[in-house]
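Source file query-v8.pdb; content: PDB, C-alpha atoms.
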ATOM      1  CA  MET Z   1     -34.160  -0.291   4.144
ATOM      2  CA  THR Z   2     -35.271   3.278   4.758
ATOM      3  CA  ASP Z   3     -34.370   6.250   2.577
ATOM      4  CA  ASN Z   4     -32.093   7.466   5.369
ATOM      5  CA  ASP Z   5     -30.273   4.105   5.383
ATOM      6  CA  HIS Z   6     -29.756   4.339   1.637
ATOM      7  CA  ASP Z   7     -28.515   7.922   1.867
ATOM      8  CA  ALA Z   8     -26.053   7.001   4.633
ATOM      9  CA  GLY Z   9     -24.764   4.086   2.588
ATOM     10  CA  ALA Z  10     -24.326   6.226  -0.505
ATOM     11  CA  ALA Z  11     -22.403   8.828   1.508
ATOM     12  CA  ALA Z  12     -19.866   6.276   2.770
ATOM     13  CA  GLY Z  13     -16.531   5.895   1.023
ATOM     14  CA  PRO Z  14     -15.536   2.928  -1.146
ATOM     15  CA  PRO Z  15     -14.802  -0.456   0.426
ATOM     16  CA  PRO Z  16     -11.404  -0.689   2.154
ATOM     17  CA  ARG Z  17      -8.720  -2.841   0.579
ATOM     18  CA  LEU Z  18      -6.366  -5.407   2.168
ATOM     19  CA  GLY Z  19      -6.024  -3.550   5.456
ATOM     20  CA  ARG Z  20      -5.886  -6.728   7.523
ATOM     21  CA  LEU Z  21      -3.105  -8.396   5.532
ATOM     22  CA  PRO Z  22       0.541  -8.068   6.575
ATOM     23  CA  PHE Z  23       1.555  -9.677   3.268
ATOM     24  CA  HIS Z  24      -0.196  -9.917  -0.087
ATOM     25  CA  GLY Z  25       0.013 -13.713  -0.103
ATOM     26  CA  PRO Z  26      -0.312 -16.821   2.111
ATOM     27  CA  LEU Z  27       2.656 -15.986   4.318
ATOM     28  CA  SER Z  28       2.520 -16.023   8.123
ATOM     29  CA  ASP Z  29       4.506 -13.765  10.414
ATOM     30  CA  ALA Z  30       6.284 -16.816  11.818
ATOM     31  CA  ARG Z  31       7.434 -18.012   8.387
ATOM     32  CA  ALA Z  32       8.400 -14.481   7.365
ATOM     33  CA  ASP Z  33      10.523 -14.121  10.487
ATOM     34  CA  ARG Z  34      12.374 -17.340   9.664
ATOM     35  CA  MET Z  35      12.931 -16.147   6.093
ATOM     36  CA  VAL Z  36      14.300 -12.827   7.309
ATOM     37  CA  GLN Z  37      16.683 -14.545   9.719
ATOM     38  CA  ARG Z  38      17.956 -16.844   6.979
ATOM     39  CA  LEU Z  39      18.322 -14.103   4.377
ATOM     40  CA  ALA Z  40      19.924 -11.684   6.831
ATOM     41  CA  ARG Z  41      22.827 -14.099   7.283
ATOM     42  CA  THR Z  42      23.886 -13.474   3.678
ATOM     43  CA  ALA Z  43      24.601  -9.818   4.549
ATOM     44  CA  SER Z  44      22.871  -8.528   1.423
ATOM     45  CA  ALA Z  45      23.664  -4.840   0.896
ATOM     46  CA  THR Z  46      21.112  -4.273  -1.884
ATOM     47  CA  VAL Z  47      17.583  -5.631  -2.153
ATOM     48  CA  LEU Z  48      15.307  -5.514  -5.202
ATOM     49  CA  ASP Z  49      11.636  -6.301  -4.591
ATOM     50  CA  ILE Z  50       9.671  -7.208  -7.734
ATOM     51  CA  GLY Z  51       5.925  -6.569  -7.518
ATOM     52  CA  CYS Z  52       6.589  -5.289  -4.020
ATOM     53  CA  GLY Z  53       3.094  -4.112  -3.088
ATOM     54  CA  TRP Z  54       3.689  -2.364   0.232
ATOM     55  CA  GLY Z  55       7.075  -4.102   0.649
ATOM     56  CA  GLU Z  56       6.533  -5.615   4.087
ATOM     57  CA  LEU Z  57       9.137  -8.357   3.747
ATOM     58  CA  ALA Z  58      11.733  -5.974   2.299
ATOM     59  CA  LEU Z  59      11.182  -3.592   5.218
ATOM     60  CA  ARG Z  60      11.694  -6.417   7.702
ATOM     61  CA  ILE Z  61      14.921  -7.393   5.956
ATOM     62  CA  LEU Z  62      16.176  -3.803   6.107
ATOM     63  CA  ALA Z  63      15.418  -3.708   9.823
ATOM     64  CA  ALA Z  64      17.478  -6.892  10.273
ATOM     65  CA  VAL Z  65      20.429  -5.835   8.069
ATOM     66  CA  PRO Z  66      21.798  -2.431   9.132
ATOM     67  CA  GLY Z  67      22.975  -0.368   6.188
ATOM     68  CA  ALA Z  68      21.154  -2.390   3.523
ATOM     69  CA  THR Z  69      19.070  -0.507   0.971
ATOM     70  CA  ALA Z  70      16.087  -1.601  -1.101
ATOM     71  CA  VAL Z  71      14.133  -0.679  -4.219
ATOM     72  CA  GLY Z  72      10.572  -1.885  -4.630
ATOM     73  CA  LEU Z  73       8.784  -1.935  -7.996
ATOM     74  CA  ASP Z  74       5.023  -2.066  -8.403
ATOM     75  CA  LEU Z  75       2.247  -0.481 -10.457
ATOM     76  CA  ASP Z  76      -0.275   0.016  -7.635
ATOM     77  CA  ALA Z  77       0.044   3.566  -6.330
ATOM     78  CA  GLY Z  78      -2.008   2.816  -3.225
ATOM     79  CA  ASP Z  79       0.185  -0.102  -2.182
ATOM     80  CA  LEU Z  80       3.341   1.934  -2.793
ATOM     81  CA  ALA Z  81       2.007   4.768  -0.652
ATOM     82  CA  ARG Z  82       1.275   2.283   2.122
ATOM     83  CA  GLY Z  83       4.867   1.048   1.870
ATOM     84  CA  ARG Z  84       6.258   4.581   2.101
ATOM     85  CA  ARG Z  85       4.154   5.274   5.195
ATOM     86  CA  ALA Z  86       5.363   2.067   6.852
ATOM     87  CA  ALA Z  87       8.989   2.878   6.014
ATOM     88  CA  GLY Z  88       8.623   6.315   7.562
ATOM     89  CA  GLU Z  89       7.005   4.943  10.714
ATOM     90  CA  ARG Z  90       9.895   2.470  11.175
ATOM     91  CA  GLY Z  91      12.686   4.923  10.475
ATOM     92  CA  LEU Z  92      13.594   3.257   7.179
ATOM     93  CA  ALA Z  93      12.501   5.913   4.694
ATOM     94  CA  GLY Z  94      16.062   6.856   3.788
ATOM     95  CA  ARG Z  95      16.971   3.268   2.917
ATOM     96  CA  VAL Z  96      14.126   2.235   0.634
ATOM     97  CA  GLU Z  97      12.656   3.593  -2.589
ATOM     98  CA  PHE Z  98       9.177   2.585  -3.735
ATOM     99  CA  VAL Z  99       8.918   3.105  -7.496
ATOM    100  CA  ARG Z 100       5.807   2.961  -9.666
ATOM    101  CA  GLU Z 101       7.073   1.252 -12.798
ATOM    102  CA  SER Z 102       6.890  -2.033 -14.671
ATOM    103  CA  ALA Z 103       9.392  -4.745 -13.803
ATOM    104  CA  THR Z 104       9.377  -6.152 -17.335
ATOM    105  CA  GLY Z 105      12.849  -5.582 -18.762
ATOM    106  CA  THR Z 106      13.872  -3.588 -15.694
ATOM    107  CA  THR Z 107      17.437  -2.284 -15.428
ATOM    108  CA  ARG Z 108      17.254  -1.924 -11.650
ATOM    109  CA  GLY Z 109      19.531  -4.918 -11.009
ATOM    110  CA  PRO Z 110      21.749  -6.641 -10.292
ATOM    111  CA  ALA Z 111      21.123  -6.807  -6.545
ATOM    112  CA  ASP Z 112      22.455  -9.001  -3.760
ATOM    113  CA  LEU Z 113      18.951 -10.170  -2.900
ATOM    114  CA  VAL Z 114      15.907 -10.216  -5.166
ATOM    115  CA  LEU Z 115      12.420 -10.772  -3.765
ATOM    116  CA  CYS Z 116       9.664 -11.924  -6.096
ATOM    117  CA  LEU Z 117       6.690 -13.203  -4.140
ATOM    118  CA  GLY Z 118       3.780 -14.130  -6.357
ATOM    119  CA  ALA Z 119       4.933 -11.587  -8.942
ATOM    120  CA  GLY Z 120       6.788 -13.637 -11.549
ATOM    121  CA  HIS Z 121       4.195 -12.537 -14.114
ATOM    122  CA  ALA Z 122       5.459  -8.949 -13.681
ATOM    123  CA  LEU Z 123       8.819  -9.884 -15.187
ATOM    124  CA  THR Z 124       7.631 -11.264 -18.500
ATOM    125  CA  THR Z 125       4.934 -11.114 -21.141
ATOM    126  CA  ALA Z 126       5.080 -14.901 -21.578
ATOM    127  CA  GLU Z 127       1.796 -16.732 -21.057
ATOM    128  CA  PRO Z 128       1.391 -19.738 -18.708
ATOM    129  CA  PRO Z 129       3.069 -22.129 -18.436
ATOM    130  CA  GLY Z 130       6.007 -20.347 -20.089
ATOM    131  CA  HIS Z 131       5.889 -17.462 -17.596
ATOM    132  CA  VAL Z 132       7.686 -19.466 -14.886
ATOM    133  CA  PRO Z 133      10.918 -20.306 -16.766
ATOM    134  CA  ALA Z 134      10.872 -16.823 -18.322
ATOM    135  CA  ALA Z 135      10.546 -15.185 -14.899
ATOM    136  CA  LEU Z 136      13.347 -17.335 -13.480
ATOM    137  CA  ARG Z 137      15.665 -16.345 -16.334
ATOM    138  CA  GLU Z 138      14.935 -12.697 -15.595
ATOM    139  CA  LEU Z 139      15.584 -13.220 -11.898
ATOM    140  CA  ARG Z 140      18.930 -14.808 -12.719
ATOM    141  CA  ARG Z 141      19.780 -11.668 -14.687
ATOM    142  CA  LEU Z 142      18.761  -9.398 -11.819
ATOM    143  CA  VAL Z 143      20.758 -11.062  -9.029
ATOM    144  CA  ARG Z 144      24.514 -10.921  -8.534
ATOM    145  CA  PRO Z 145      26.525 -14.170  -8.782
ATOM    146  CA  GLY Z 146      26.285 -15.907  -5.435
ATOM    147  CA  GLY Z 147      23.330 -13.756  -4.423
ATOM    148  CA  ARG Z 148      19.928 -14.931  -3.304
ATOM    149  CA  VAL Z 149      16.472 -14.888  -4.850
ATOM    150  CA  LEU Z 150      13.361 -15.519  -2.785
ATOM    151  CA  PHE Z 151      10.850 -16.727  -5.359
ATOM    152  CA  GLY Z 152       7.230 -17.262  -4.394
ATOM    153  CA  GLU Z 153       5.236 -19.047  -7.078
ATOM    154  CA  GLY Z 154       2.030 -21.023  -7.357
ATOM    155  CA  PHE Z 155       2.052 -24.725  -8.127
ATOM    156  CA  TRP Z 156      -0.486 -27.517  -8.312
ATOM    157  CA  GLU Z 157      -0.489 -29.630  -5.173
ATOM    158  CA  ARG Z 158      -2.452 -32.161  -7.213
ATOM    159  CA  ALA Z 159      -3.886 -32.171 -10.695
ATOM    160  CA  PRO Z 160      -7.089 -30.091 -10.728
ATOM    161  CA  THR Z 161     -10.256 -31.635 -12.086
ATOM    162  CA  ALA Z 162     -12.168 -30.130 -14.989
ATOM    163  CA  GLU Z 163     -14.962 -29.122 -12.590
ATOM    164  CA  GLU Z 164     -12.510 -27.349 -10.275
ATOM    165  CA  LEU Z 165     -10.868 -25.536 -13.168
ATOM    166  CA  ALA Z 166     -14.228 -24.309 -14.418
ATOM    167  CA  ARG Z 167     -14.821 -22.598 -11.051
ATOM    168  CA  MET Z 168     -11.379 -20.945 -10.815
ATOM    169  CA  TRP Z 169     -10.210 -17.894 -12.762
ATOM    170  CA  PRO Z 170     -11.444 -17.433 -16.369
ATOM    171  CA  GLY Z 171      -9.648 -19.766 -18.755
ATOM    172  CA  ALA Z 172      -7.950 -21.738 -15.976
ATOM    173  CA  SER Z 173      -6.050 -24.732 -17.303
ATOM    174  CA  ALA Z 174      -4.186 -27.665 -15.794
ATOM    175  CA  THR Z 175      -1.107 -26.386 -17.631
ATOM    176  CA  ASP Z 176      -1.218 -22.966 -15.937
ATOM    177  CA  ARG Z 177       1.007 -24.103 -13.081
ATOM    178  CA  PRO Z 178       3.787 -26.656 -12.664
ATOM    179  CA  CYS Z 179       3.963 -29.189  -9.865
ATOM    180  CA  LEU Z 180       6.537 -28.513  -7.146
ATOM    181  CA  ALA Z 181       9.161 -30.823  -8.670
ATOM    182  CA  GLU Z 182       8.793 -29.092 -12.050
ATOM    183  CA  LEU Z 183       9.108 -25.702 -10.395
ATOM    184  CA  LEU Z 184      12.373 -26.711  -8.740
ATOM    185  CA  ASP Z 185      13.689 -28.170 -11.997
ATOM    186  CA  ALA Z 186      12.909 -24.883 -13.761
ATOM    187  CA  ALA Z 187      14.894 -22.997 -11.127
ATOM    188  CA  VAL Z 188      17.909 -25.252 -11.605
ATOM    189  CA  ASP Z 189      17.640 -24.946 -15.397
ATOM    190  CA  ALA Z 190      17.688 -21.133 -15.019
ATOM    191  CA  GLY Z 191      21.023 -21.203 -13.168
ATOM    192  CA  PHE Z 192      20.051 -21.531  -9.511
ATOM    193  CA  ARG Z 193      20.595 -24.015  -6.726
ATOM    194  CA  PRO Z 194      17.678 -24.350  -4.290
ATOM    195  CA  GLU Z 195      18.983 -23.527  -0.824
ATOM    196  CA  TRP Z 196      15.601 -23.818   0.886
ATOM    197  CA  THR Z 197      12.203 -25.099  -0.218
ATOM    198  CA  GLU Z 198       9.012 -24.464   1.725
ATOM    199  CA  THR Z 199       5.320 -24.249   0.954
ATOM    200  CA  ALA Z 200       2.407 -22.352   2.456
ATOM    201  CA  ASN Z 201       0.253 -24.451   4.765
ATOM    202  CA  ARG Z 202      -3.532 -24.531   5.047
ATOM    203  CA  ASP Z 203      -3.638 -22.056   7.936
ATOM    204  CA  GLU Z 204      -1.602 -19.523   5.938
ATOM    205  CA  TRP Z 205      -3.906 -19.874   2.949
ATOM    206  CA  GLU Z 206      -7.037 -19.448   5.052
ATOM    207  CA  GLU Z 207      -5.580 -16.461   6.894
ATOM    208  CA  PHE Z 208      -4.707 -14.844   3.575
ATOM    209  CA  GLU Z 209      -7.940 -15.553   1.727
ATOM    210  CA  SER Z 210     -10.122 -14.552   4.679
ATOM    211  CA  GLY Z 211      -8.060 -11.403   5.249
ATOM    212  CA  TYR Z 212      -8.182 -10.606   1.538
ATOM    213  CA  GLN Z 213     -11.967 -10.259   1.734
ATOM    214  CA  ALA Z 214     -12.644  -9.366   5.366
ATOM    215  CA  ASP Z 215     -12.546  -5.565   5.209
ATOM    216  CA  ALA Z 216     -14.734  -5.437   2.110
ATOM    217  CA  GLU Z 217     -17.177  -7.995   3.543
ATOM    218  CA  GLU Z 218     -17.558  -5.943   6.720
ATOM    219  CA  TRP Z 219     -18.050  -2.789   4.662
ATOM    220  CA  LEU Z 220     -20.657  -4.502   2.470
ATOM    221  CA  ALA Z 221     -22.647  -5.703   5.471
ATOM    222  CA  ALA Z 222     -22.727  -2.152   6.836
ATOM    223  CA  HIS Z 223     -23.466  -0.403   3.512
ATOM    224  CA  PRO Z 224     -25.864  -2.589   1.479
ATOM    225  CA  GLY Z 225     -27.346   0.467  -0.224
ATOM    226  CA  HIS Z 226     -24.095   1.991  -1.387
ATOM    227  CA  PRO Z 227     -23.800   2.555  -5.164
ATOM    228  CA  LEU Z 228     -20.736   0.277  -5.136
ATOM    229  CA  ALA Z 229     -22.424  -2.461  -3.111
ATOM    230  CA  ALA Z 230     -23.675  -4.585  -6.014
ATOM    231  CA  GLY Z 231     -20.310  -4.640  -7.761
ATOM    232  CA  THR Z 232     -18.501  -5.312  -4.486
ATOM    233  CA  ARG Z 233     -20.851  -8.188  -3.670
ATOM    234  CA  GLU Z 234     -20.337  -9.716  -7.103
ATOM    235  CA  ARG Z 235     -16.542  -9.425  -6.827
ATOM    236  CA  LEU Z 236     -16.450 -10.952  -3.344
ATOM    237  CA  ASP Z 237     -18.751 -13.821  -4.289
ATOM    238  CA  ARG Z 238     -16.708 -14.549  -7.406
ATOM    239  CA  HIS Z 239     -13.439 -14.561  -5.488
ATOM    240  CA  ARG Z 240     -14.834 -16.776  -2.727
ATOM    241  CA  ALA Z 241     -16.129 -19.281  -5.289
ATOM    242  CA  ALA Z 242     -12.719 -19.413  -6.960
ATOM    243  CA  TRP Z 243     -10.997 -19.898  -3.597
ATOM    244  CA  MET Z 244     -13.284 -22.791  -2.747
ATOM    245  CA  ALA Z 245     -12.350 -24.341  -6.104
ATOM    246  CA  TYR Z 246      -8.563 -24.071  -5.667
ATOM    247  CA  ARG Z 247      -8.491 -24.624  -1.892
ATOM    248  CA  GLY Z 248      -6.203 -27.610  -1.321
ATOM    249  CA  VAL Z 249      -5.333 -27.733  -5.041
ATOM    250  CA  LEU Z 250      -3.270 -24.598  -5.625
ATOM    251  CA  GLY Z 251      -0.143 -24.311  -3.504
ATOM    252  CA  MET Z 252       2.392 -21.555  -2.974
ATOM    253  CA  ALA Z 253       6.084 -22.416  -2.911
ATOM    254  CA  TYR Z 254       8.738 -20.173  -1.406
ATOM    255  CA  LEU Z 255      12.112 -21.048  -2.900
ATOM    256  CA  THR Z 256      15.322 -19.509  -1.583
ATOM    257  CA  LEU Z 257      17.624 -19.768  -4.593
ATOM    258  CA  VAL Z 258      21.371 -19.201  -4.892
ATOM    259  CA  SER Z 259      22.622 -17.949  -8.250
ATOM    260  CA  THR Z 260      25.448 -20.052  -9.643
ATOM    261  CA  GLY Z 261      28.633 -18.910 -11.337
TER     262      GLY Z 261
END

Write-out of the structure in structure tokens:
Amino acid sequence: MTDNDHDAGAAAGPPPRLGRLPFHGPLSDARADRMVQRLARTASATVLDIGCGWGELALRILAAVPGATAVGLDLDAGDLARGRRAAGERGLAGRVEFVRESATGTTRGPADLVLCLGAGHALTTAEPPGHVPAALRELRRLVRPGGRVLFGEGFWERAPTAEELARMWPGASATDRPCLAELLDAAVDAGFRPEWTETANRDEWEEFESGYQADAEEWLAAHPGHPLAAGTRERLDRHRAAWMAYRGVLGMAYLTLVSTG
């Protein structure tokens, strides 16, 4: 690498983040469209999106349900700004509020429809595995009787081996996640009936995990001399190693739940 190459790399901005992902999770456009069609039939007037990120699914629901309004809660200012831009571009800015605040103990409910996709941890300080029943109890509090909750949560498709766990996230344990049957039982125990149960498929996982890294990988290849390159490379390699460990082991369930009584 020449000095000029290093200088050009150092002058570049930081690596881009998640620009290729429509959703911050293993969720395809086709599955999202089916979810929106199903949820739109309930004529929900108010939507609460927990850990909304940029709120893509909530925005699609608003587009499908004229007059509905939504509030999205998240702590990432960049994601919230992205959501506001998207709402403005689609003519939905007056019907959605993106709020930077914690969802733990939130008083934003009750709503007709509550979305919580991969964000159950944002509702509680309970540690795994207690975070799932705790999150479901909070979701029951935040939804109106007869309303819907779309709950996206990880589960073990099979029991992970000790070797696989050692290569996942720090401190990963076989008790971190329930199996799918246990997840459904926890939903029923919290006061829901499961209207619809579906799980992310392999293509959705690979689209998500590849898209999660793609922008940063492209940036890294073009800017190997950037001051942030070493840290970016380490982060990407660590994430890829974890993905290879939980690929085919960790699943994502999307449960459409009806609150009872």

Item to check | Residues matched by the PyMOL selection byres ((chain Z and resi 74-88) around 6), written as a PyMOL selection string | outcome: chain Z and resi 51-55+73+89-93+98+100-101

Using 7 Å as the limit and counting only C-alpha atoms, can you tabulate each residue of range 211-255 of chain Z that touches range 177-198 of chain Z, with its shortest atom-to-atom distance in Å and the two atoms involved, as CSV?
residue,atom,partner,partner_atom,distance
Z:Ala253,CA,Z:Glu198,CA,5.9
Z:Tyr254,CA,Z:Glu198,CA,5.3
Z:Leu255,CA,Z:Thr197,CA,4.9

Item to check | Residue members of the PyMOL selection byres ((chain Z and resi 33) around 12) in the file shown, as a PyMOL selection string | outcome: chain Z and resi 27-32+34-40+56-61+63-64

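Run against this file, the PyMOL selection byres ((chain Z and resi 104) around 10) gives back Ile50, Glu101, Ser102, Ala103, Gly105, Thr106, Thr107, Gly120, His121, Ala122, Leu123, Thr124, Thr125, Ala135 and Glu138 of chain Z.
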
Checklist outcome for this item: Counting all atoms listed in the file, the residue among Z:Arg233, Z:His223, Z:Arg20, Z:Arg140 that lies closest to Gly109 in chain Z is Z:Arg140

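With distances restricted to only C-alpha atoms, Z:Ala119 is the closest residue to Val132 in chain Z from Z:Leu165, Z:Val47, Z:Ala119, Z:Ala70.
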
Padding 4 Å on each side, edges along x, y and z: where is the centre of the box around the listed atoms of range 138-153 of chain Z, and how long are its edges in Å to one decimal? Output it as JSON.
{"center_x": 15.9, "center_y": -14.2, "center_z": -9.2, "size_x": 29.3, "size_y": 17.6, "size_z": 20.8}

Checklist entry - Could you name the residues that touch Met252 in chain Z at 8 Å or less, counting all atoms listed in the file, but leaving out those on the same chain fewer than 2 positions away, as a PyMOL selection string? => result chain Z and resi 26+152-155+199-200+250+254

Item to check | Residue with smallest distance to Glu204 in chain Z - pool Z:Val71, Z:Pro224, Z:Leu139, Z:Gly248, counting all atoms listed in the file | outcome: Z:Gly248

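Near range 207-212 of chain Z, within 8 Å and counting only C-alpha atoms, sit Arg17, Leu18, Arg20, Leu21, His24, Gly25, Pro26, Leu27, Asp203 and Trp243 of chain Z; same-chain residues fewer than 4 positions away were not included.
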
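Distances here use all atoms listed in the file; by that measure, the residue among Z:Gly171, Z:Gly146, Z:Gly251, Z:Gly94 closest to Thr42 in chain Z is Z:Gly146.
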
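CA of Phe23 in chain Z to CA of His226 in chain Z spans 28.6 Å [interatomic distance, one decimal].
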
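Put simply, CA of Ala172 in chain Z is 18.9 Å away from CA of Pro133 in chain Z.
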
Considering only C-alpha atoms, return as a short mmCIF file (atom, residue, chain, number, x, y, z; two decimals) with C-alpha atoms, in the coordinates of the input whatever protein or nucleic-acid residues lie within 12 Å of Ala174 in chain Z, sequence-local ones (same chain, fewer than 4 positions apart) excluded.
data_model
loop_
_atom_site.label_atom_id
_atom_site.label_comp_id
_atom_site.auth_asym_id
_atom_site.auth_seq_id
_atom_site.Cartn_x
_atom_site.Cartn_y
_atom_site.Cartn_z
CA PRO Z 128 1.39 -19.74 -18.71
CA PRO Z 129 3.07 -22.13 -18.44
CA PHE Z 155 2.05 -24.72 -8.13
CA TRP Z 156 -0.49 -27.52 -8.31
CA GLU Z 157 -0.49 -29.63 -5.17
CA ARG Z 158 -2.45 -32.16 -7.21
CA ALA Z 159 -3.89 -32.17 -10.70
CA PRO Z 160 -7.09 -30.09 -10.73
CA THR Z 161 -10.26 -31.64 -12.09
CA ALA Z 162 -12.17 -30.13 -14.99
CA GLU Z 163 -14.96 -29.12 -12.59
CA GLU Z 164 -12.51 -27.35 -10.28
CA LEU Z 165 -10.87 -25.54 -13.17
CA ALA Z 166 -14.23 -24.31 -14.42
CA MET Z 168 -11.38 -20.94 -10.82
CA TRP Z 169 -10.21 -17.89 -12.76
CA PRO Z 178 3.79 -26.66 -12.66
CA CYS Z 179 3.96 -29.19 -9.86
CA TYR Z 246 -8.56 -24.07 -5.67
CA VAL Z 249 -5.33 -27.73 -5.04
CA LEU Z 250 -3.27 -24.60 -5.62
#

Item to check | Spatial neighbours of Pro110 in chain Z, max dist 6 Å, only C-alpha atoms, sep filter under 6 positions, as a ChimeraX atom specification | outcome: /Z:142-144

Selection file, C-alpha atoms, as a compact mmCIF listing (two decimals), in the frame of the given file:
# COMPACT_ATOMS: atom_id res chain seq x y z
CA LEU Z 142 18.76 -9.40 -11.82
CA VAL Z 143 20.76 -11.06 -9.03
CA ARG Z 144 24.51 -10.92 -8.53

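For the pair CA of Thr175 in chain Z and CA of Arg148 in chain Z, the separation is 27.9 Å.
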